[in-house]
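Trainee: So I've got this file, coords-v1.txt, and it contains compact mmCIF, C-alpha atoms:
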# COMPACT_ATOMS: atom_id res chain seq x y z
CA VAL A 251 0.00 0.00 0.00
CA GLY A 252 1.28 3.45 -0.88
CA GLY A 253 4.12 2.02 -3.00
CA PRO A 254 4.47 4.97 -5.39
CA GLU A 255 4.82 7.55 -2.61
CA PRO A 256 8.56 7.05 -1.86
CA ARG A 257 9.38 7.58 -5.54
CA LYS A 258 7.77 11.03 -5.72
CA PRO A 259 10.82 13.00 -4.49
CA ALA A 260 13.02 11.10 -6.97
CA ALA A 261 10.57 11.86 -9.78
CA ARG A 262 10.57 15.55 -8.88
CA GLY A 263 14.35 15.50 -8.84
CA TYR A 264 14.47 13.86 -12.25
CA HIS A 265 12.07 16.39 -13.78
CA PHE A 266 14.01 19.27 -12.28
CA PHE A 267 17.27 17.91 -13.70
CA PHE A 268 15.77 17.33 -17.16
CA TRP A 269 14.23 20.79 -17.48
CA LEU A 270 17.38 22.41 -16.09
CA CYS A 271 19.38 20.68 -18.81
CA ALA A 272 16.82 21.71 -21.42
CA ALA A 273 16.88 25.35 -20.30
CA VAL A 274 20.68 25.47 -20.30
CA MET A 275 21.02 23.78 -23.69
CA LEU A 276 18.43 25.98 -25.37
CA LEU A 277 18.93 29.30 -23.58
CA ALA A 278 22.54 29.57 -22.36
CA GLY A 279 24.53 32.05 -24.44
CA LEU A 280 21.63 32.51 -26.82
CA GLY A 281 22.61 36.06 -27.69
CA VAL A 282 26.38 35.66 -27.70
CA ARG A 283 27.08 35.04 -31.37
CA GLU A 284 26.14 37.48 -34.10
CA LEU A 285 23.26 36.93 -36.49
CA TRP A 286 23.96 34.75 -39.50
CA THR A 287 22.32 33.54 -42.75
CA ALA A 288 18.51 33.90 -42.72
CA GLU A 289 18.47 35.38 -39.21
CA ASP A 290 19.46 38.69 -40.80
CA ARG A 291 16.24 38.74 -42.82
CA TRP A 292 14.06 38.04 -39.79
CA ALA A 293 15.87 40.76 -37.86
CA GLU A 294 15.58 43.33 -40.65
CA VAL A 295 11.87 42.70 -41.26
CA THR A 296 11.04 43.03 -37.57
CA ARG A 297 13.28 46.11 -37.24
CA ALA A 298 11.39 47.78 -40.08
CA MET A 299 8.05 46.89 -38.48
CA LEU A 300 9.13 48.44 -35.19
CA LEU A 301 10.42 51.59 -36.90
CA THR A 302 7.39 52.15 -39.13
CA GLY A 303 4.65 50.76 -36.88
CA ASP A 304 3.38 48.75 -39.86
CA PHE A 305 3.13 45.16 -38.63
CA LEU A 306 1.13 43.86 -41.60
CA HIS A 307 3.42 44.52 -44.57
CA PRO A 308 6.92 43.02 -44.22
CA ALA A 309 9.71 44.90 -45.97
CA ILE A 310 13.49 44.92 -46.29
CA ASN A 311 15.16 48.22 -47.14
CA GLY A 312 11.76 49.61 -48.04
CA HIS A 313 10.99 46.83 -50.53
CA PRO A 314 8.09 44.39 -49.94
CA TYR A 315 9.35 41.06 -48.58
CA PHE A 316 6.46 38.74 -47.77
CA ASP A 317 8.67 35.65 -47.64
CA LYS A 318 7.02 34.16 -44.53
CA PRO A 319 3.65 34.57 -42.75
CA LEU A 320 3.25 37.35 -40.21
CA LEU A 321 3.12 35.48 -36.90
CA GLY A 322 6.80 34.57 -37.04
CA TYR A 323 7.69 38.25 -37.10
CA TRP A 324 5.18 39.15 -34.42
CA VAL A 325 6.58 36.71 -31.85
CA ILE A 326 10.04 38.23 -32.34
CA ILE A 327 8.55 41.69 -31.84
CA ALA A 328 6.91 40.46 -28.63
CA ALA A 329 10.29 39.13 -27.44
CA ALA A 330 11.91 42.47 -28.30
CA GLN A 331 9.30 44.33 -26.25
CA LEU A 332 9.85 41.91 -23.35
CA LEU A 333 13.64 42.27 -23.45
CA GLY A 334 13.64 46.02 -24.04
CA GLY A 335 15.03 46.02 -27.56
CA LEU A 336 15.63 44.07 -30.75
CA ASN A 337 18.84 42.08 -30.44
CA GLU A 338 20.21 38.57 -30.90
CA TRP A 339 18.41 37.38 -27.78
CA ALA A 340 15.05 38.65 -28.99
CA ILE A 341 15.53 37.14 -32.47
CA ARG A 342 16.27 33.67 -31.07
CA LEU A 343 14.18 33.53 -27.90
CA PRO A 344 10.92 32.49 -29.65
CA SER A 345 12.70 29.48 -31.16
CA ALA A 346 14.10 28.46 -27.78
CA ILE A 347 10.68 28.74 -26.11
CA ALA A 348 9.15 26.78 -28.97
CA GLY A 349 11.80 24.11 -28.37
CA LEU A 350 10.76 23.83 -24.72
CA LEU A 351 7.11 23.51 -25.79
CA ALA A 352 8.00 20.81 -28.32
CA LEU A 353 9.87 18.91 -25.59
CA TRP A 354 6.91 19.14 -23.21
CA ALA A 355 4.46 17.96 -25.88
CA THR A 356 6.73 15.05 -26.84
CA ILE A 357 7.06 13.89 -23.25
CA SER A 358 3.33 14.29 -22.61
CA LEU A 359 2.53 12.31 -25.77
CA GLY A 360 4.91 9.55 -24.68
CA ARG A 361 3.03 9.21 -21.40
CA LYS A 362 -0.34 9.07 -23.14
CA LEU A 363 0.66 6.49 -25.74
CA TRP A 364 3.13 4.34 -23.81
CA SER A 365 4.63 4.94 -20.35
CA GLU A 366 6.60 7.31 -18.14
CA GLU A 367 9.82 5.53 -19.07
CA THR A 368 9.11 5.92 -22.78
CA ALA A 369 8.28 9.58 -22.25
CA ARG A 370 11.60 10.17 -20.52
CA ILE A 371 13.56 8.41 -23.25
CA ALA A 372 11.72 10.39 -25.93
CA GLY A 373 12.46 13.64 -24.12
CA TRP A 374 16.18 12.95 -23.88
CA MET A 375 16.36 11.72 -27.47
CA LEU A 376 14.81 14.92 -28.75
CA LEU A 377 16.80 17.19 -26.46
CA THR A 378 20.13 15.66 -27.49
CA CYS A 379 19.35 15.71 -31.22
CA HIS A 380 21.72 18.09 -33.04
CA GLY A 381 19.03 19.33 -35.44
CA PHE A 382 16.68 20.11 -32.56
CA LEU A 383 19.27 22.17 -30.70
CA PHE A 384 20.42 23.87 -33.89
CA TRP A 385 16.96 25.12 -34.85
CA GLY A 386 16.01 25.76 -31.22
CA ARG A 387 18.87 28.27 -31.03
CA THR A 388 18.34 29.84 -34.45
CA GLY A 389 16.14 32.86 -35.11
CA GLN A 390 13.82 31.34 -37.69
CA ALA A 391 10.35 29.78 -37.63
CA ASP A 392 11.24 26.10 -38.02
CA MET A 393 11.12 25.29 -34.31
CA GLY A 394 7.79 27.07 -33.96
CA ASN A 395 6.45 24.83 -36.72
CA LEU A 396 7.65 21.73 -34.85
CA ALA A 397 6.17 22.93 -31.56
CA ALA A 398 2.76 23.50 -33.16
CA ILE A 399 2.83 20.04 -34.76
CA MET A 400 3.68 18.28 -31.50
CA LEU A 401 1.23 20.35 -29.44
CA ALA A 402 -1.60 19.56 -31.86
CA ILE A 403 -0.89 15.81 -31.89
CA ASN A 404 -0.59 15.76 -28.10
CA TRP A 405 -3.89 17.66 -27.77
CA TYR A 406 -5.64 15.15 -30.02
CA TRP A 407 -4.44 12.11 -28.09
CA GLY A 408 -5.47 13.63 -24.80
CA ARG A 409 -9.04 14.19 -26.02
CA ARG A 410 -9.61 11.62 -28.76
CA ASP A 411 -12.50 10.05 -26.86
CA LYS A 412 -14.19 13.41 -26.28
CA PRO A 413 -15.03 14.70 -29.76
CA GLY A 414 -16.74 18.06 -29.81
CA PHE A 415 -16.49 21.57 -31.12
CA PHE A 416 -14.12 22.93 -28.46
CA ASN A 417 -11.55 20.11 -28.59
CA ALA A 418 -11.55 20.05 -32.38
CA ALA A 419 -11.34 23.86 -32.60
CA VAL A 420 -8.31 23.97 -30.30
CA PHE A 421 -6.64 21.29 -32.43
CA TYR A 422 -7.18 23.28 -35.62
CA ILE A 423 -6.25 26.61 -34.04
CA ILE A 424 -2.91 25.16 -32.89
CA CYS A 425 -2.31 23.77 -36.38
CA PHE A 426 -3.18 26.99 -38.18
CA LEU A 427 -1.17 29.14 -35.78
CA GLY A 428 1.77 26.90 -36.61
CA ALA A 429 1.03 27.50 -40.29
CA GLN A 430 1.08 31.25 -39.62
CA LEU A 431 4.60 30.81 -38.27
CA LYS A 432 5.95 29.19 -41.42
CA GLY A 433 3.80 26.97 -43.62
CA LEU A 434 0.93 24.53 -44.05
CA ALA A 435 3.05 21.58 -42.95
CA ALA A 436 1.84 22.48 -39.45
CA VAL A 437 -1.66 21.51 -40.60
CA ALA A 438 -0.85 18.56 -42.84
CA VAL A 439 1.55 16.68 -40.54
CA PRO A 440 -0.72 16.53 -37.45
CA PHE A 441 -3.68 15.41 -39.55
CA VAL A 442 -1.65 12.66 -41.23
CA ALA A 443 -0.28 11.59 -37.83
CA VAL A 444 -3.73 11.17 -36.26
CA ALA A 445 -5.49 9.87 -39.40
CA PRO A 446 -4.91 6.15 -38.64
CA ASP A 447 -6.54 6.58 -35.24
CA LEU A 448 -9.38 8.62 -36.72
CA LEU A 449 -10.11 5.81 -39.16
CA SER A 450 -10.41 3.27 -36.36
CA GLY A 451 -13.26 2.87 -33.91
CA ASN A 452 -15.66 4.94 -36.02
CA ARG A 453 -13.98 8.17 -34.92
CA TRP A 454 -14.00 9.31 -38.54
CA ARG A 455 -17.75 9.90 -38.30
CA PHE A 456 -17.08 13.10 -36.35
CA LEU A 457 -15.39 14.56 -39.43
CA PHE A 458 -18.79 14.77 -41.14
CA THR A 459 -20.60 16.65 -38.40
CA ALA A 460 -21.54 20.32 -38.16
CA ARG A 461 -19.45 20.64 -34.99
CA HIS A 462 -16.33 19.53 -36.83
CA ALA A 463 -17.04 21.87 -39.75
CA ALA A 464 -17.45 24.78 -37.33
CA ALA A 465 -14.19 23.87 -35.56
CA LEU A 466 -12.32 23.72 -38.88
CA LEU A 467 -13.72 27.12 -39.84
CA ALA A 468 -12.59 28.56 -36.50
CA GLY A 469 -9.03 27.40 -37.13
CA LEU A 470 -9.12 28.58 -40.73
CA ALA A 471 -10.38 32.00 -39.61
CA CYS A 472 -7.38 32.37 -37.27
CA TYR A 473 -5.09 31.58 -40.19
CA LEU A 474 -6.73 33.81 -42.79
CA ALA A 475 -7.46 36.85 -40.59
CA PRO A 476 -3.94 38.38 -40.78
CA PHE A 477 -3.85 37.88 -44.56
CA ILE A 478 -7.28 39.44 -45.03
CA ILE A 479 -6.40 42.46 -42.88
CA GLU A 480 -3.08 42.80 -44.73
CA SER A 481 -4.86 42.73 -48.07
CA ALA A 482 -7.48 45.26 -46.98
CA THR A 483 -4.80 47.72 -45.85
CA ARG A 484 -2.29 47.10 -48.63
CA GLY A 485 -2.30 50.48 -50.36
CA GLY A 486 0.79 50.58 -52.55
CA TYR A 487 2.24 47.39 -51.09
CA SER A 488 2.82 45.05 -54.03
CA SER A 489 3.33 41.68 -52.31
CA SER A 490 0.59 39.26 -51.20
CA GLY A 491 0.71 36.85 -48.28
CA LEU A 492 -1.89 34.51 -49.78
CA THR A 493 -0.04 34.43 -53.08
CA LEU A 494 3.05 33.42 -51.15
CA VAL A 495 1.13 30.60 -49.44
CA PHE A 496 0.09 29.24 -52.84
CA ARG A 497 3.60 29.47 -54.30
CA GLU A 498 5.39 28.03 -51.26
CA ASN A 499 2.95 25.25 -50.34
CA ILE A 500 1.34 24.17 -53.61
CA GLN A 501 3.18 25.45 -56.68
CA ARG A 502 6.58 24.41 -55.30
CA TYR A 503 5.52 20.74 -55.19
CA PHE A 504 4.49 20.66 -58.85
CA ASN A 505 6.74 23.31 -60.37
CA PRO A 506 9.71 24.05 -58.07
CA PHE A 507 11.07 27.56 -58.38
CA ASP A 508 13.77 27.32 -55.69
CA HIS A 509 15.42 24.77 -53.36
CA LYS A 510 15.79 22.46 -56.34
CA GLY A 511 18.91 20.75 -55.03
CA ALA A 512 21.73 19.49 -57.22
Can you turn what I pasted into structure tokens?

Mentor:
Amino acid sequence: VGGPEPRKPAARGYHFFFWLCAAVMLLAGLGVRELWTAEDRWAEVTRAMLLTGDFLHPAINGHPYFDKPLLGYWVIIAAAQLLGGLNEWAIRLPSAIAGLLALWATISLGRKLWSEETARIAGWMLLTCHGFLFWGRTGQADMGNLAAIMLAINWYWGRRDKPGFFNAAVFYIICFLGAQLKGLAAVAVPFVAVAPDLLSGNRWRFLFTARHAAALLAGLACYLAPFIIESATRGGYSSSGLTLVFRENIQRYFNPFDHKGA
């Protein structure tokens, strides 16, 4: 009786050690090195937004540059406001926080699907992956995309037996916010990941209900709202966020215009 009780202090100690390691590996010296490669573009776009007060029309040196959706720039601006200025720390902090969220979601998913031991192993495997640490310490939107994907999948598995408007809406809002950070992979990957489970146990029937349609529309509205507002206030701005979405997420697969490889 009461067997698990003595292990509680050890469990707390383990969790403290893990998250201490995660914080050090993702946050320590985050602003030490100078900006490099694509970080310069993220920094310049957000600098221009802060100078002009126009947060809807990205630009570099006064020229339209709608290369990525708006949310990725906005989270950097929020970090800059929090830290008192736009610097290397502010550029990279959103990626580091997204890395911590991705770790939490991975561990939580491991517990739901398998066991505490599996969750711990998964957490350490992800934390010690070079690619994870690289993008978690780089001022771009890739880690935010990963965090949204893992958070959405984890949300689904925690509420798969409670279908309804709210749970489905949160799932789609997480996905589409991830898409606003970088691209529609944040929507496609979670849906593909949960599709096998949806197709089992008659869960797929929920997809054809009015509640599911309303939830999907709620997520889609969160995604489209910044683009619609940007378009309505464009003035002389010549670039289009929705055009970018089409080129980057659809046209590129059928008629690549960049990243063609060797």

Trainee: What does the structure give for the distance between CA of Gly433 (chain A) and CA of Trp405 (chain A), in Å to one decimal?

Mentor: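 Answer for the CA of Gly433 (chain A) to CA of Trp405 (chain A) separation: 19.9 Å.
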
Trainee: State, in Å with one decimal place, the distance from CA of Leu301 (chain A) to CA of Gln331 (chain A).

Mentor: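 Interatomic distance here is 12.9 Å.
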
Trainee: Could you work out how far CA of Cys425 (chain A) lies from CA of Leu343 (chain A), giving the answer in Å with one decimal?

Mentor: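 Straight-line distance from CA of Leu343 (chain A) to CA of Cys425 (chain A) works out to 21.0 Å.
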
Trainee: Neighbouring residues of region 412-416 of chain A were defined as those with any atom within 8 Å, considering only C-alpha atoms; residues of the same chain fewer than 5 positions away were excluded. Please report them as a ChimeraX atom specification.

Mentor: /A:456,461-462,464-465

Trainee: Taking into account all atoms listed in the file, which residue in the set A:Ile327, A:Leu300, A:Leu350, A:Leu363 is nearest to Val274 (chain A)?

Mentor: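 Selected residue with least distance to Val274 (chain A): A:Leu350.
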
Trainee: Got a sec: who's within 8 Å of Ala402 (chain A), counting only C-alpha atoms, leaving out chain neighbours fewer than 2 positions off, as a ChimeraX atom specification?

Mentor: /A:398-400,404-406,421-422,424-425,440

Trainee: Measuring atom to atom with only C-alpha atoms, identify which of A:Leu276, A:Trp324, A:Ala418, A:Ala443 is nearest to Gly303 (chain A).

Mentor: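 Of A:Leu276, A:Trp324, A:Ala418, A:Ala443, the one nearest Gly303 (chain A), counting only C-alpha atoms, is A:Trp324.
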
Trainee: Given the point (14.2, 25.6, -28.1) in the coordinates of this file, which residues lie within 7 Å, counting all atoms listed in the file, and how would they look as a list of chain:residue names?

Mentor: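 Every polymer residue passing the test: A:Leu276, A:Ser345, A:Ala346, A:Ile347, A:Ala348, A:Gly349, A:Leu350, A:Leu383, A:Gly386, A:Arg387, A:Met393.
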
Trainee: Could you work out an axis-aligned box for region 433-449 of chain A, taking every atom the file lists and adding 4 Å on each side, and report centre and edge lengths in Å to one decimal, as JSON?

Mentor:
{"center_x": -3.2, "center_y": 16.4, "center_z": -39.6, "size_x": 21.9, "size_y": 29.2, "size_z": 16.8}

Trainee: Between A:Ile341, A:Val444, A:Ala436, A:Ile500, which is the closest to Val282 (chain A) once you count all atoms listed in the file?

Mentor: A:Ile341

Trainee: Skipping near chain neighbours, those fewer than 2 positions away, what residues fall within 9 Å of region 263-271 of chain A using all atoms listed in the file, listed as a count of residues only?

Mentor: 13

Trainee: Could you tell me which of A:Leu306, A:Leu277, A:Ala372, A:Ile423 comes closest to Arg484 (chain A) if we count all atoms listed in the file?

Mentor: A:Leu306

Trainee: Of the residues A:Ala445, A:Ile310, A:Leu332, A:Leu474, which is the one nearest to Arg297 (chain A), using only C-alpha atoms?

Mentor: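 Distance minimum relative to Arg297 (chain A) lands on A:Ile310.
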
Trainee: Which is closest to Gly360 (chain A) among A:Phe316, A:Val437, A:Trp385, A:Trp407, if we use only C-alpha atoms?

Mentor: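 The shortest atom-to-atom distance to Gly360 (chain A) comes from A:Trp407.
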
Trainee: For Ala288 (chain A), work out the shell of residues within 9 Å, counting all atoms listed in the file and skipping chain neighbours fewer than 4 positions away, then give it as a list in words.

Mentor: Trp292, Ala293, Gly389 and Gln390 of chain A

Trainee: What would region 257-275 of chain A look like with N, CA, C and O atoms restored, written as a PDB file, keeping the file's coordinate frame?

Mentor:
ATOM      1  N   ARG A 257       8.707   7.217  -4.300  1.00  0.00           N
ATOM      2  CA  ARG A 257       9.380   7.580  -5.540  1.00  0.00           C
ATOM      3  C   ARG A 257       9.092   9.021  -5.964  1.00  0.00           C
ATOM      4  O   ARG A 257       9.697   9.525  -6.896  1.00  0.00           O
ATOM      5  N   LYS A 258       8.137   9.679  -5.298  1.00  0.00           N
ATOM      6  CA  LYS A 258       7.770  11.030  -5.720  1.00  0.00           C
ATOM      7  C   LYS A 258       8.926  12.022  -5.629  1.00  0.00           C
ATOM      8  O   LYS A 258       9.142  12.782  -6.578  1.00  0.00           O
ATOM      9  N   PRO A 259       9.687  12.067  -4.519  1.00  0.00           N
ATOM     10  CA  PRO A 259      10.820  13.000  -4.490  1.00  0.00           C
ATOM     11  C   PRO A 259      11.828  12.722  -5.606  1.00  0.00           C
ATOM     12  O   PRO A 259      12.356  13.649  -6.218  1.00  0.00           O
ATOM     13  N   ALA A 260      12.082  11.439  -5.895  1.00  0.00           N
ATOM     14  CA  ALA A 260      13.020  11.100  -6.970  1.00  0.00           C
ATOM     15  C   ALA A 260      12.481  11.568  -8.306  1.00  0.00           C
ATOM     16  O   ALA A 260      13.231  12.059  -9.158  1.00  0.00           O
ATOM     17  N   ALA A 261      11.169  11.413  -8.525  1.00  0.00           N
ATOM     18  CA  ALA A 261      10.570  11.860  -9.780  1.00  0.00           C
ATOM     19  C   ALA A 261      10.681  13.378  -9.921  1.00  0.00           C
ATOM     20  O   ALA A 261      10.992  13.875 -11.003  1.00  0.00           O
ATOM     21  N   ARG A 262      10.436  14.089  -8.822  1.00  0.00           N
ATOM     22  CA  ARG A 262      10.570  15.550  -8.880  1.00  0.00           C
ATOM     23  C   ARG A 262      12.001  15.942  -9.181  1.00  0.00           C
ATOM     24  O   ARG A 262      12.257  16.872  -9.942  1.00  0.00           O
ATOM     25  N   GLY A 263      12.945  15.221  -8.582  1.00  0.00           N
ATOM     26  CA  GLY A 263      14.350  15.500  -8.840  1.00  0.00           C
ATOM     27  C   GLY A 263      14.723  15.252 -10.283  1.00  0.00           C
ATOM     28  O   GLY A 263      15.470  16.026 -10.889  1.00  0.00           O
ATOM     29  N   TYR A 264      14.193  14.169 -10.844  1.00  0.00           N
ATOM     30  CA  TYR A 264      14.470  13.860 -12.250  1.00  0.00           C
ATOM     31  C   TYR A 264      13.926  14.962 -13.147  1.00  0.00           C
ATOM     32  O   TYR A 264      14.620  15.427 -14.053  1.00  0.00           O
ATOM     33  N   HIS A 265      12.668  15.364 -12.933  1.00  0.00           N
ATOM     34  CA  HIS A 265      12.070  16.390 -13.780  1.00  0.00           C
ATOM     35  C   HIS A 265      12.824  17.710 -13.670  1.00  0.00           C
ATOM     36  O   HIS A 265      13.020  18.403 -14.677  1.00  0.00           O
ATOM     37  N   PHE A 266      13.241  18.048 -12.458  1.00  0.00           N
ATOM     38  CA  PHE A 266      14.010  19.270 -12.280  1.00  0.00           C
ATOM     39  C   PHE A 266      15.313  19.202 -13.071  1.00  0.00           C
ATOM     40  O   PHE A 266      15.694  20.162 -13.769  1.00  0.00           O
ATOM     41  N   PHE A 267      15.997  18.067 -13.000  1.00  0.00           N
ATOM     42  CA  PHE A 267      17.270  17.910 -13.700  1.00  0.00           C
ATOM     43  C   PHE A 267      17.065  17.986 -15.213  1.00  0.00           C
ATOM     44  O   PHE A 267      17.827  18.654 -15.918  1.00  0.00           O
ATOM     45  N   PHE A 268      16.009  17.326 -15.715  1.00  0.00           N
ATOM     46  CA  PHE A 268      15.770  17.330 -17.160  1.00  0.00           C
ATOM     47  C   PHE A 268      15.504  18.743 -17.656  1.00  0.00           C
ATOM     48  O   PHE A 268      16.102  19.190 -18.650  1.00  0.00           O
ATOM     49  N   TRP A 269      14.595  19.464 -16.993  1.00  0.00           N
ATOM     50  CA  TRP A 269      14.230  20.790 -17.480  1.00  0.00           C
ATOM     51  C   TRP A 269      15.347  21.798 -17.256  1.00  0.00           C
ATOM     52  O   TRP A 269      15.483  22.778 -18.020  1.00  0.00           O
ATOM     53  N   LEU A 270      16.186  21.568 -16.257  1.00  0.00           N
ATOM     54  CA  LEU A 270      17.380  22.410 -16.090  1.00  0.00           C
ATOM     55  C   LEU A 270      18.319  22.221 -17.267  1.00  0.00           C
ATOM     56  O   LEU A 270      18.826  23.200 -17.845  1.00  0.00           O
ATOM     57  N   CYS A 271      18.536  20.955 -17.652  1.00  0.00           N
ATOM     58  CA  CYS A 271      19.380  20.680 -18.810  1.00  0.00           C
ATOM     59  C   CYS A 271      18.786  21.297 -20.075  1.00  0.00           C
ATOM     60  O   CYS A 271      19.503  21.894 -20.892  1.00  0.00           O
ATOM     61  N   ALA A 272      17.474  21.164 -20.238  1.00  0.00           N
ATOM     62  CA  ALA A 272      16.820  21.710 -21.420  1.00  0.00           C
ATOM     63  C   ALA A 272      16.975  23.226 -21.478  1.00  0.00           C
ATOM     64  O   ALA A 272      17.271  23.801 -22.541  1.00  0.00           O
ATOM     65  N   ALA A 273      16.764  23.891 -20.334  1.00  0.00           N
ATOM     66  CA  ALA A 273      16.880  25.350 -20.300  1.00  0.00           C
ATOM     67  C   ALA A 273      18.300  25.797 -20.607  1.00  0.00           C
ATOM     68  O   ALA A 273      18.509  26.758 -21.370  1.00  0.00           O
ATOM     69  N   VAL A 274      19.284  25.103 -20.053  1.00  0.00           N
ATOM     70  CA  VAL A 274      20.680  25.470 -20.300  1.00  0.00           C
ATOM     71  C   VAL A 274      21.037  25.254 -21.763  1.00  0.00           C
ATOM     72  O   VAL A 274      21.648  26.124 -22.415  1.00  0.00           O
ATOM     73  N   MET A 275      20.645  24.113 -22.316  1.00  0.00           N
ATOM     74  CA  MET A 275      21.020  23.780 -23.690  1.00  0.00           C
ATOM     75  C   MET A 275      20.340  24.663 -24.726  1.00  0.00           C
ATOM     76  O   MET A 275      20.895  24.927 -25.789  1.00  0.00           O
TER      77      MET A 275
END
